[in-house]
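Visitor: I'd like to ask you about the structure that follows.
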Amino acid sequence: MYRFFFRLVFRRMDPEQAHHLAFAWIRLAARIPVLRTFAAAVLAPRHKELRTEALGLRMHGPFGLAAGFDKNAAAIDGMAMLGFDHVEIGTVTAQPQPGNPKKRLFRLVADRALINRMGFNNDGSAAVARRLAERNAGKPAFRTTVGVNIGKTKIVPEAEAVADYVTSTERLAAHADYLVVNVSSPNTPGLRNLQATEALRPLLTAVREAADRTVTDRRVPLLVKIAPDLADEDVDAVADLAVELGLDGIIATNTTIARDGLGLRTPQRTIEAIGAGGLSGAPLKERSLEVLRRLYARVGDRITLVGVGGVETADDVWERILAGATLVQGYSAFIYEGPFWCRAIHRGLAERLAASPYATLADAVGAEHRKVTA
């Protein structure tokens with residue numbers, strides 16, 4: 001039904017307009033008590049065997065919404081209603097910014113992919129912090145884990161990036177179940193330079209200190225999100241740094257700037273006409289999985305790994321768990337699969353766990369590496 005609706009309506013609309021329309025519907029449904037209760041019962045039935053503990057947090061399952069869909073913490077309850085086990089909002093910057101000029105979001109339907117150059121359009125960390133505080137002060141419709149993804153304000157020079165991240169941390173840490181330092185979006189000039197360990201070490205150290213200084217009654221887990229385009233030796237360097245600094249986790253991966261070697265079916269002239277931006281969706285699946293496997297081989301279970309990139313099916317989620325991910329996230333496939341996506345993921349994942357030799361999902365994390373070394 002949704003796929004028919006997508007072909008009939010959404011596919012004919014500008015992708016960003018379609019996003020805003022769907023976003024408005026989700027928010028509206030979550031505001032109506034009877035409707036949201038019914039929707040959650042249908043779309044988000046719980047499977048006890050999928051309960052997950054990660055980052056010191058308890059979740060209904062391992063599958064969450066990646067950053068980028070809800071940039072301003074405006075639809076957390078709506079996304080929980082649809083079945084996401086955790087919701088990562090953002091990317092949020094210290095200063096509000098409109099993002100890059102439109103058009104800036106494009107579908108590659110033949111590849112079940114997206115290209116975006118949104119440019120961290122968001123309301124700014126002060127406004128998002130107020131929104132999160134209001135939600136937490138009231139009675140949220142759904143209890144769900146909320147991650148906050150922070151990035152650099154575009155107009156801030158690279159030399160002042162640390163202070164910019166610290167500002168957002170000081171405003172947002174108290175309202176976050178976990179924090180993510182995003183240094184891997186291709187749409188903010190110079191941002192990916194911060195993935196180099198000589199730049200990343202002082203940045204992560206400063207954010208960790210700011211979070212600890214701001215929130216004294218608990219430890220706010222801190223993760224870093226990396227790009228799939230890093231060379232293998234740079235992936236290793238980030239992994240080693242994360243362990244050295246006592247980081248809580250790594251999210252692998254963000255979007256890619258690559259176009260070649262992805263097996264794209266969309267005509268080359270169409271891709272060239274779209275221009276720059278980060279590519280997400282099915283074509284990213286192989287490289288994201290490679291990075292995840294490399295990270296787990298390097299760090300094992302010393303830190304939490306989050307797999308994201310090309311996740312479409314329960315098989316994809318299961319594969320990432322076996323490869324070392326405790327948590328898995330998706331976004332692009334949601335555009336193509338619609339509101340029953342999480343339901344299908346959870347049902348399929350429960351079936352795969354039941355058919356496996358593992359008693360729990362935790363037992364399955366990284367299992368493929370143990371087979372190799374056994």
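Chain identifiers are assigned as A, B, and so on, following the order in which chains appear in the structure tokens; residues are numbered from 1 within each chain, and ligands are numbered from 1 in order of appearance.
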Show me a table, sorted first by chain and then by increasing residue number, of the residues of range 215-242 of chain A having an atom at most 12 Å from range 163-181 of chain A, each with its shortest atom pair and the distance in Å to one decimal, counting only C-alpha atoms and written as CSV.
Guide:
residue,atom,partner,partner_atom,distance
A:Val215,CA,A:Ala174,CA,5.7
A:Thr216,CA,A:Ala174,CA,9.2
A:Asp217,CA,A:Ala174,CA,9.6
A:Arg218,CA,A:Ala174,CA,9.3
A:Arg219,CA,A:Tyr178,CA,9.1
A:Val220,CA,A:Tyr178,CA,5.5
A:Pro221,CA,A:Tyr178,CA,4.7
A:Leu222,CA,A:Leu179,CA,4.9
A:Leu223,CA,A:Val180,CA,4.7
A:Val224,CA,A:Val181,CA,4.7
A:Lys225,CA,A:Val181,CA,6.2
A:Ile226,CA,A:Val181,CA,9.1
Visitor: Include C-alpha atoms and write out the residues we just selected as a CSV table (one decimal), in the first residue's frame.
Guide:
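Final output, out.csv:
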chain,number,residue,atom,x,y,z
A,215,VAL,CA,25.9,17.0,33.9
A,216,THR,CA,27.2,15.9,37.3
A,217,ASP,CA,24.6,13.3,38.4
A,218,ARG,CA,25.3,10.8,35.6
A,219,ARG,CA,27.7,10.1,32.8
A,220,VAL,CA,26.4,11.1,29.4
A,221,PRO,CA,27.7,8.5,26.8
A,222,LEU,CA,29.8,10.1,24.1
A,223,LEU,CA,30.1,8.7,20.6
A,224,VAL,CA,31.8,9.8,17.3
A,225,LYS,CA,30.3,9.3,13.9
A,226,ILE,CA,32.8,8.6,11.1
Visitor: As a PyMOL selection string, list the residues of range 161-339 of chain A assigned to alpha helix (DSSP H) by DSSP on the backbone atoms of this structure.
Guide: chain A and resi 161-172+197-214+232-245+268-274+285-299+314-323+332-337
Visitor: Mind checking which residues fall within 9 Å of Val299 in chain A, counting only C-alpha atoms, ignoring those fewer than 3 positions away in the same chain, and posting them as JSON, numbers by chain?
Guide: {"A": [239, 240, 242, 243, 294, 295, 296, 302, 303]}
Visitor: Write out, as CSV, each residue of range 190-306 of chain A that has an atom at most 6 Å from range 107-119 of chain A, together with the closest pair of atoms and their distance in Å to one decimal, counting only C-alpha atoms, rows going by chain and rising number.
Guide:
residue,atom,partner,partner_atom,distance
A:Thr266,CA,A:Ala110,CA,6.0
A:Gly277,CA,A:Arg117,CA,4.5
A:Gly278,CA,A:Asn116,CA,5.4
A:Leu279,CA,A:Ile115,CA,4.4
A:Ser280,CA,A:Leu114,CA,5.3
A:Gly281,CA,A:Ala113,CA,4.2
A:Ala282,CA,A:Arg112,CA,5.9
Visitor: Rounded to one decimal, what separation in Å do you get between CA of Pro101 in chain A and CA of Ala252 in chain A?
Guide: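 Distance reported for this atom pair: 27.6 Å.
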Visitor: I need the residue nearest Leu65 in chain A from this list: A:Ala231, A:Ala359, A:Ala39, A:Leu327. Use only C-alpha atoms for the distance.
Guide: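 Answer, going by the shortest atom-to-atom distance: A:Leu327.
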Visitor: State, in Å with one decimal place, the distance from CA of Leu8 in chain A to CA of Leu21 in chain A.
Guide: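 Going from CA of Leu8 in chain A over to CA of Leu21 in chain A, I get 14.7 Å.
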Visitor: So which residues touch Gly348 in chain A within 10 Å, counting only C-alpha atoms, skipping near sequence neighbours fewer than 2 positions away, as a list in words?
Guide: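 Listed by chain and then number, they are Thr313, Ala314, Asp315, Val317, Trp318, Cys342, Arg343, Ala344, Ile345, His346, Ala350, Glu351, Arg352, Leu353 and Ala354 of chain A.
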Visitor: Emit the selected residues as a compact mmCIF listing (two decimals), in the first residue's frame, including C-alpha atoms.
Guide:
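So the final result, stored in result.txt, reads:
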# COMPACT_ATOMS: atom_id res chain seq x y z
CA THR A 313 15.90 -5.36 5.96
CA ALA A 314 15.99 -7.54 9.06
CA ASP A 315 18.77 -9.48 7.33
CA VAL A 317 20.27 -5.60 10.86
CA TRP A 318 21.15 -9.18 11.78
CA CYS A 342 10.17 -0.98 11.86
CA ARG A 343 7.48 -3.60 12.35
CA ALA A 344 9.00 -5.71 9.58
CA ILE A 345 12.52 -5.22 10.96
CA HIS A 346 11.54 -6.29 14.47
CA ALA A 350 13.04 -11.92 16.25
CA GLU A 351 12.70 -14.77 13.76
CA ARG A 352 16.42 -14.76 13.00
CA LEU A 353 17.32 -14.76 16.68
CA ALA A 354 14.97 -17.67 17.34
Visitor: Using only C-alpha atoms, which residues sit within 8 Å of Val308 in chain A once same-chain residues fewer than 5 positions away are excluded, as a PyMOL selection string?
Guide: chain A and resi 66+251-254+288+328-330
Visitor: Limited to N, CA and C atoms, could you put the picked residues into a file as a short mmCIF file (atom, residue, chain, number, x, y, z; two decimals), in the first residue's frame?
Guide:
data_model
loop_
_atom_site.label_atom_id
_atom_site.label_comp_id
_atom_site.auth_asym_id
_atom_site.auth_seq_id
_atom_site.Cartn_x
_atom_site.Cartn_y
_atom_site.Cartn_z
N ALA A 66 18.41 7.02 12.51
CA ALA A 66 19.65 7.77 12.38
C ALA A 66 19.38 9.27 12.35
N ILE A 251 29.87 5.42 15.67
CA ILE A 251 28.80 5.18 14.70
C ILE A 251 29.43 5.07 13.32
N ALA A 252 29.20 3.94 12.67
CA ALA A 252 29.77 3.68 11.35
C ALA A 252 28.65 3.25 10.39
N THR A 253 28.30 4.09 9.43
CA THR A 253 29.01 5.28 8.98
C THR A 253 28.02 6.35 8.55
N ASN A 254 28.58 7.51 8.24
CA ASN A 254 27.80 8.60 7.66
C ASN A 254 27.64 8.35 6.16
N SER A 288 29.92 0.37 4.43
CA SER A 288 29.60 0.59 5.84
C SER A 288 29.83 -0.68 6.65
N VAL A 328 21.81 -0.66 15.73
CA VAL A 328 21.76 -0.45 14.29
C VAL A 328 20.78 0.68 14.02
N GLN A 329 21.11 1.50 13.03
CA GLN A 329 20.23 2.62 12.68
C GLN A 329 19.90 2.61 11.19
N GLY A 330 18.80 3.24 10.86
CA GLY A 330 18.41 3.41 9.47
C GLY A 330 17.75 4.75 9.26
#
Visitor: Quick one: residues within 7 Å of Leu50 in chain A, only C-alpha atoms, excluding same-chain residues fewer than 2 positions away - as a PyMOL selection string?
Guide: chain A and resi 47-48+52+60-61+350+361
Visitor: Can you tell me, as a list in words, what residues are no more than 7 Å from Leu82 in chain A when counting only C-alpha atoms, ignoring any on the same chain fewer than 6 positions away?
Guide: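 Once the adjacent positions are removed, what remains is Ala40, Leu43, Ala44, Pro339 and Cys342 of chain A.
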Visitor: Pick from A:Leu105, A:Leu203, A:Leu191, A:Leu292: nearest to Glu16 in chain A, with only C-alpha atoms counted?
Guide: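 Counting only C-alpha atoms, the residue closest to Glu16 in chain A is A:Leu105.
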